[in-house]
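Text of the file run-v4.csv, holding CSV, C-alpha atoms and all ligand atoms:
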```csv
chain,number,residue,atom,x,y,z
A,1,MET,CA,114.1,86.2,118.0
A,2,ALA,CA,112.5,87.4,121.2
A,3,LEU,CA,115.0,90.2,121.5
A,4,TRP,CA,114.4,91.2,117.8
A,5,ASP,CA,110.7,91.1,118.5
A,6,LEU,CA,111.1,93.3,121.6
A,7,LEU,CA,113.2,95.8,119.6
A,8,GLY,CA,110.7,95.8,116.7
A,9,ARG,CA,107.8,96.4,119.1
A,10,HIS,CA,109.7,99.3,120.8
A,11,LEU,CA,110.5,100.9,117.5
A,12,GLY,CA,107.1,100.1,115.9
A,13,VAL,CA,108.8,98.3,113.0
A,14,ALA,CA,108.3,94.7,111.9
A,15,VAL,CA,111.2,92.4,112.6
A,16,VAL,CA,111.4,91.5,108.9
A,17,ASP,CA,112.0,95.2,108.1
A,18,LEU,CA,114.6,95.5,110.9
A,19,LEU,CA,116.5,92.6,109.4
A,20,GLY,CA,116.1,93.6,105.8
A,21,ARG,CA,113.2,92.1,103.8
A,22,ALA,CA,114.7,89.7,101.3
A,23,HIS,CA,111.4,88.3,99.9
A,24,ALA,CA,108.1,90.0,99.1
A,25,ALA,CA,106.3,86.7,99.5
A,26,LEU,CA,107.3,83.2,100.7
A,27,PRO,CA,105.3,80.3,99.3
A,28,THR,CA,103.9,78.0,101.9
A,29,SER,CA,103.2,74.4,101.5
A,30,VAL,CA,100.2,72.3,102.2
A,31,THR,CA,100.8,69.1,104.1
A,32,ILE,CA,99.5,65.8,102.7
A,33,GLY,CA,99.5,63.2,105.5
A,34,ILE,CA,100.1,59.5,105.3
A,35,GLN,CA,97.1,58.1,103.4
A,36,PRO,CA,96.3,55.9,100.5
A,37,ALA,CA,97.8,57.2,97.2
A,38,ALA,CA,94.4,57.9,95.6
A,39,ASP,CA,93.4,60.1,98.6
A,40,ALA,CA,96.8,61.9,98.6
A,41,VAL,CA,96.4,62.6,94.8
A,42,ALA,CA,92.9,64.0,95.4
A,43,LEU,CA,94.2,66.3,98.1
A,44,ALA,CA,97.1,67.3,96.0
A,45,ARG,CA,94.8,68.3,93.1
A,46,GLU,CA,92.4,70.1,95.4
A,47,SER,CA,95.4,72.0,96.9
A,48,LEU,CA,96.6,73.1,93.5
A,49,ALA,CA,93.1,74.2,92.6
A,50,GLN,CA,93.3,76.4,95.8
A,51,GLY,CA,96.5,78.0,94.5
A,52,PHE,CA,99.2,76.1,96.4
A,53,ARG,CA,102.3,75.3,94.4
A,54,VAL,CA,104.3,73.5,97.1
A,55,LEU,CA,103.3,70.2,98.6
A,56,LYS,CA,104.7,68.6,101.7
A,57,VAL,CA,104.1,64.9,101.8
A,58,LYS,CA,104.4,63.0,105.1
A,59,LEU,CA,106.3,59.7,105.0
A,60,GLY,CA,107.8,57.1,107.3
A,61,LYS,CA,105.5,54.2,107.9
A,62,SER,CA,106.2,52.1,104.8
A,63,VAL,CA,108.9,53.2,102.4
A,64,ASP,CA,107.4,51.2,99.5
A,65,GLU,CA,104.0,52.8,100.0
A,66,ASP,CA,105.8,56.2,100.3
A,67,ILE,CA,107.5,55.8,97.0
A,68,GLU,CA,104.3,54.7,95.3
A,69,ARG,CA,102.3,57.6,96.8
A,70,LEU,CA,105.0,60.1,95.7
A,71,ARG,CA,105.0,58.6,92.2
A,72,CYS,CA,101.2,59.0,91.9
A,73,ILE,CA,101.3,62.6,93.2
A,74,ARG,CA,104.1,63.6,90.9
A,75,GLU,CA,102.3,62.1,87.9
A,76,ALA,CA,99.1,63.9,88.9
A,77,VAL,CA,100.6,67.4,89.6
A,78,GLY,CA,103.3,67.5,86.9
A,79,PRO,CA,106.7,69.0,87.0
A,80,GLY,CA,105.7,72.5,88.0
A,81,THR,CA,104.8,71.8,91.6
A,82,ALA,CA,107.4,71.6,94.2
A,83,ILE,CA,107.2,68.5,96.4
A,84,ARG,CA,109.0,68.2,99.7
A,85,THR,CA,108.7,65.3,102.1
A,86,ASP,CA,108.9,64.7,105.8
A,87,ALA,CA,109.6,61.2,107.2
A,88,ASN,CA,109.5,62.3,110.8
A,89,ALA,CA,112.4,60.0,111.7
A,90,GLY,CA,110.5,57.0,110.2
A,91,TYR,CA,113.4,55.5,108.3
A,92,ASP,CA,116.5,53.5,109.1
A,93,ARG,CA,119.4,53.5,106.7
A,94,ALA,CA,118.1,50.7,104.6
A,95,SER,CA,114.7,52.5,104.2
A,96,LEU,CA,116.5,55.8,103.4
A,97,LEU,CA,118.6,54.2,100.7
A,98,ARG,CA,115.4,52.6,99.2
A,99,TYR,CA,113.6,56.0,99.4
A,100,LEU,CA,116.5,57.7,97.6
A,101,ALA,CA,116.8,55.1,94.9
A,102,GLY,CA,113.0,55.0,94.4
A,103,THR,CA,112.5,58.7,94.2
A,104,ARG,CA,115.6,59.8,92.2
A,105,ASP,CA,113.6,60.7,89.2
A,106,LEU,CA,110.8,62.6,91.0
A,107,ALA,CA,112.5,65.9,91.4
A,108,LEU,CA,111.8,66.1,95.1
A,109,GLU,CA,112.9,69.3,96.8
A,110,LEU,CA,114.1,67.8,100.2
A,111,CYS,CA,113.2,65.3,102.9
A,112,GLU,CA,112.9,66.4,106.5
A,113,GLN,CA,114.2,64.2,109.2
A,114,PRO,CA,114.4,60.9,107.5
A,115,VAL,CA,116.1,59.1,110.4
A,116,ALA,CA,115.8,59.5,114.2
A,117,ARG,CA,117.9,62.1,116.1
A,118,GLY,CA,121.2,60.4,116.9
A,119,ALA,CA,121.0,58.1,113.8
A,120,GLU,CA,122.6,60.6,111.4
A,121,ALA,CA,125.4,58.2,110.6
A,122,ALA,CA,122.8,56.8,108.1
A,123,PHE,CA,123.8,59.7,105.9
A,124,ALA,CA,127.4,58.8,105.7
A,125,GLY,CA,128.6,57.8,102.2
A,126,LEU,CA,125.7,59.3,100.4
A,127,GLU,CA,126.3,61.4,97.3
A,128,GLU,CA,126.5,65.1,97.8
A,129,ALA,CA,123.4,65.5,95.5
A,130,GLU,CA,121.5,63.2,98.0
A,131,ARG,CA,122.9,64.7,101.2
A,132,VAL,CA,121.9,68.3,100.3
A,133,ARG,CA,118.3,67.1,100.1
A,134,LEU,CA,118.2,65.7,103.6
A,135,ALA,CA,117.2,68.0,106.4
A,136,ALA,CA,118.1,67.0,110.0
A,137,ASP,CA,116.0,69.7,111.5
A,138,GLU,CA,114.8,67.6,114.5
A,139,SER,CA,118.4,66.5,115.2
A,140,VAL,CA,119.6,69.9,116.2
A,141,HIS,CA,118.5,70.9,119.7
A,142,ASP,CA,121.4,73.1,120.6
A,143,LEU,CA,124.7,74.4,119.3
A,144,ALA,CA,126.5,71.2,120.3
A,145,ASP,CA,124.2,69.2,118.0
A,146,ALA,CA,124.7,71.6,115.2
A,147,GLY,CA,128.5,71.4,115.6
A,148,LYS,CA,128.4,67.6,115.5
A,149,LEU,CA,126.5,67.6,112.3
A,150,ILE,CA,128.7,70.1,110.7
A,151,ALA,CA,131.9,68.5,111.9
A,152,ALA,CA,131.0,65.0,110.6
A,153,PRO,CA,132.3,65.0,107.0
A,154,GLY,CA,129.7,64.0,104.6
A,155,CYS,CA,127.1,63.6,107.3
A,156,THR,CA,124.3,65.8,106.2
A,157,GLY,CA,123.1,68.9,104.4
A,158,SER,CA,121.6,71.7,106.5
A,159,SER,CA,118.2,73.1,106.7
A,160,ILE,CA,115.9,75.3,108.8
A,161,SER,CA,112.4,74.0,108.7
A,162,SER,CA,109.5,73.1,110.8
A,201,MG,MG,109.2,68.1,110.0
```
As structure tokens, please, write out the structure in this file.
Amino acid sequence: MALWDLLGRHLGVAVVDLLGRAHAALPTSVTIGIQPAADAVALARESLAQGFRVLKVKLGKSVDEDIERLRCIREAVGPGTAIRTDANAGYDRASLLRYLAGTRDLALELCEQPVARGAEAAFAGLEEAERVRLAADESVHDLADAGKLIAAPGCTGSSISS
């Protein structure tokens, strides 16, 4: 990216135009931290009123509270708002399975880093529809990490996120 940036600056062209602009706009999300469900719902409603259409809900301290908070948010915002989550490595396999079962009907977009780096074996045996909604973005520090995740059959979906 640094080299693309350098070339773009040299040519006076934005990197996105050098690479070929694929999107005119990219919706960003507003982050809802771990907090009581009522506060999370209030922030979700406020964010929608400001024009946001994507919510990113932080998880990972208590899977049961996470599920309840997500249910309340989905009920409040309706089906037209994208909801993604980020557990920041807060789950173990048992919590992950509970999360997946408890949120199956909430139409969640994806979950970032549900388990700690190195604990990706927790993804083994999950259904494809579940795996593709799990992002191991913090698990990949280099090409070797990426190779391990790609090589392990059924280990994980892939994602680039922050
Ligand atoms: Mg994250």
Within 10 Å of ligand MG 201 (chain A) (all atoms listed in the file), residues as number ranges by chain
A: 56, 58, 85-89, 111-114, 135-138, 160-162
Considering only C-alpha atoms, can you say which of A:Gly8, A:Glu120, A:Arg133, A:Val54 comes closest to A:Pro79?
A:Val54
Between A:His23, A:His141, A:Arg71, A:Lys61, which one has atoms that come closest to A:Ala107, using only C-alpha atoms?
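Checking each of A:His23, A:His141, A:Arg71, A:Lys61 against A:Ala107, counting only C-alpha atoms, the winner is A:Arg71.
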Given only C-alpha atoms as the counted atoms, nearest of A:Pro36, A:Val63, A:Glu75, A:Arg69 to A:Arg93:
A:Val63
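Atom pair atom CA of A:Leu11 / atom CA of A:Thr28: separated by 28.5 Å.
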Measuring between all atoms listed in the file, which one of A:Gly12, A:Gly118, A:Gly90, A:Gly78 shows the shortest distance to A:Arg45?
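Using all atoms listed in the file, A:Arg45 sits closest to A:Gly78.
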d(atom CA of A:Arg53, atom CA of A:Thr81) in Å
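One can read the atom CA of A:Arg53 to atom CA of A:Thr81 distance as 5.1 Å.
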Name all residues at most 12 Å from A:Asp39 (count all atoms listed in the file; drop same-chain ones fewer than 3 positions away) and give them as an MDAnalysis selection string.
chainID A and resid 32:36 42:46 69:70 72:73 76
Tell me which of A:Gln50, A:Val16, A:Arg84, A:Leu108 sits closest to A:Met1, counting all atoms listed in the file.
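Smallest distance to A:Met1 is found for A:Val16.
From atom CA of A:Leu48 back to atom CA of A:Glu65, the distance works out to 22.6 Å.
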All residues 7 Å or closer to A:Leu55, all atoms listed in the file, same chain fewer than 4 positions away omitted, as a list in words
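My list of contacting residues is Ser29, Val30, Thr31, Ala82, Ile83 and Arg84 of chain A.
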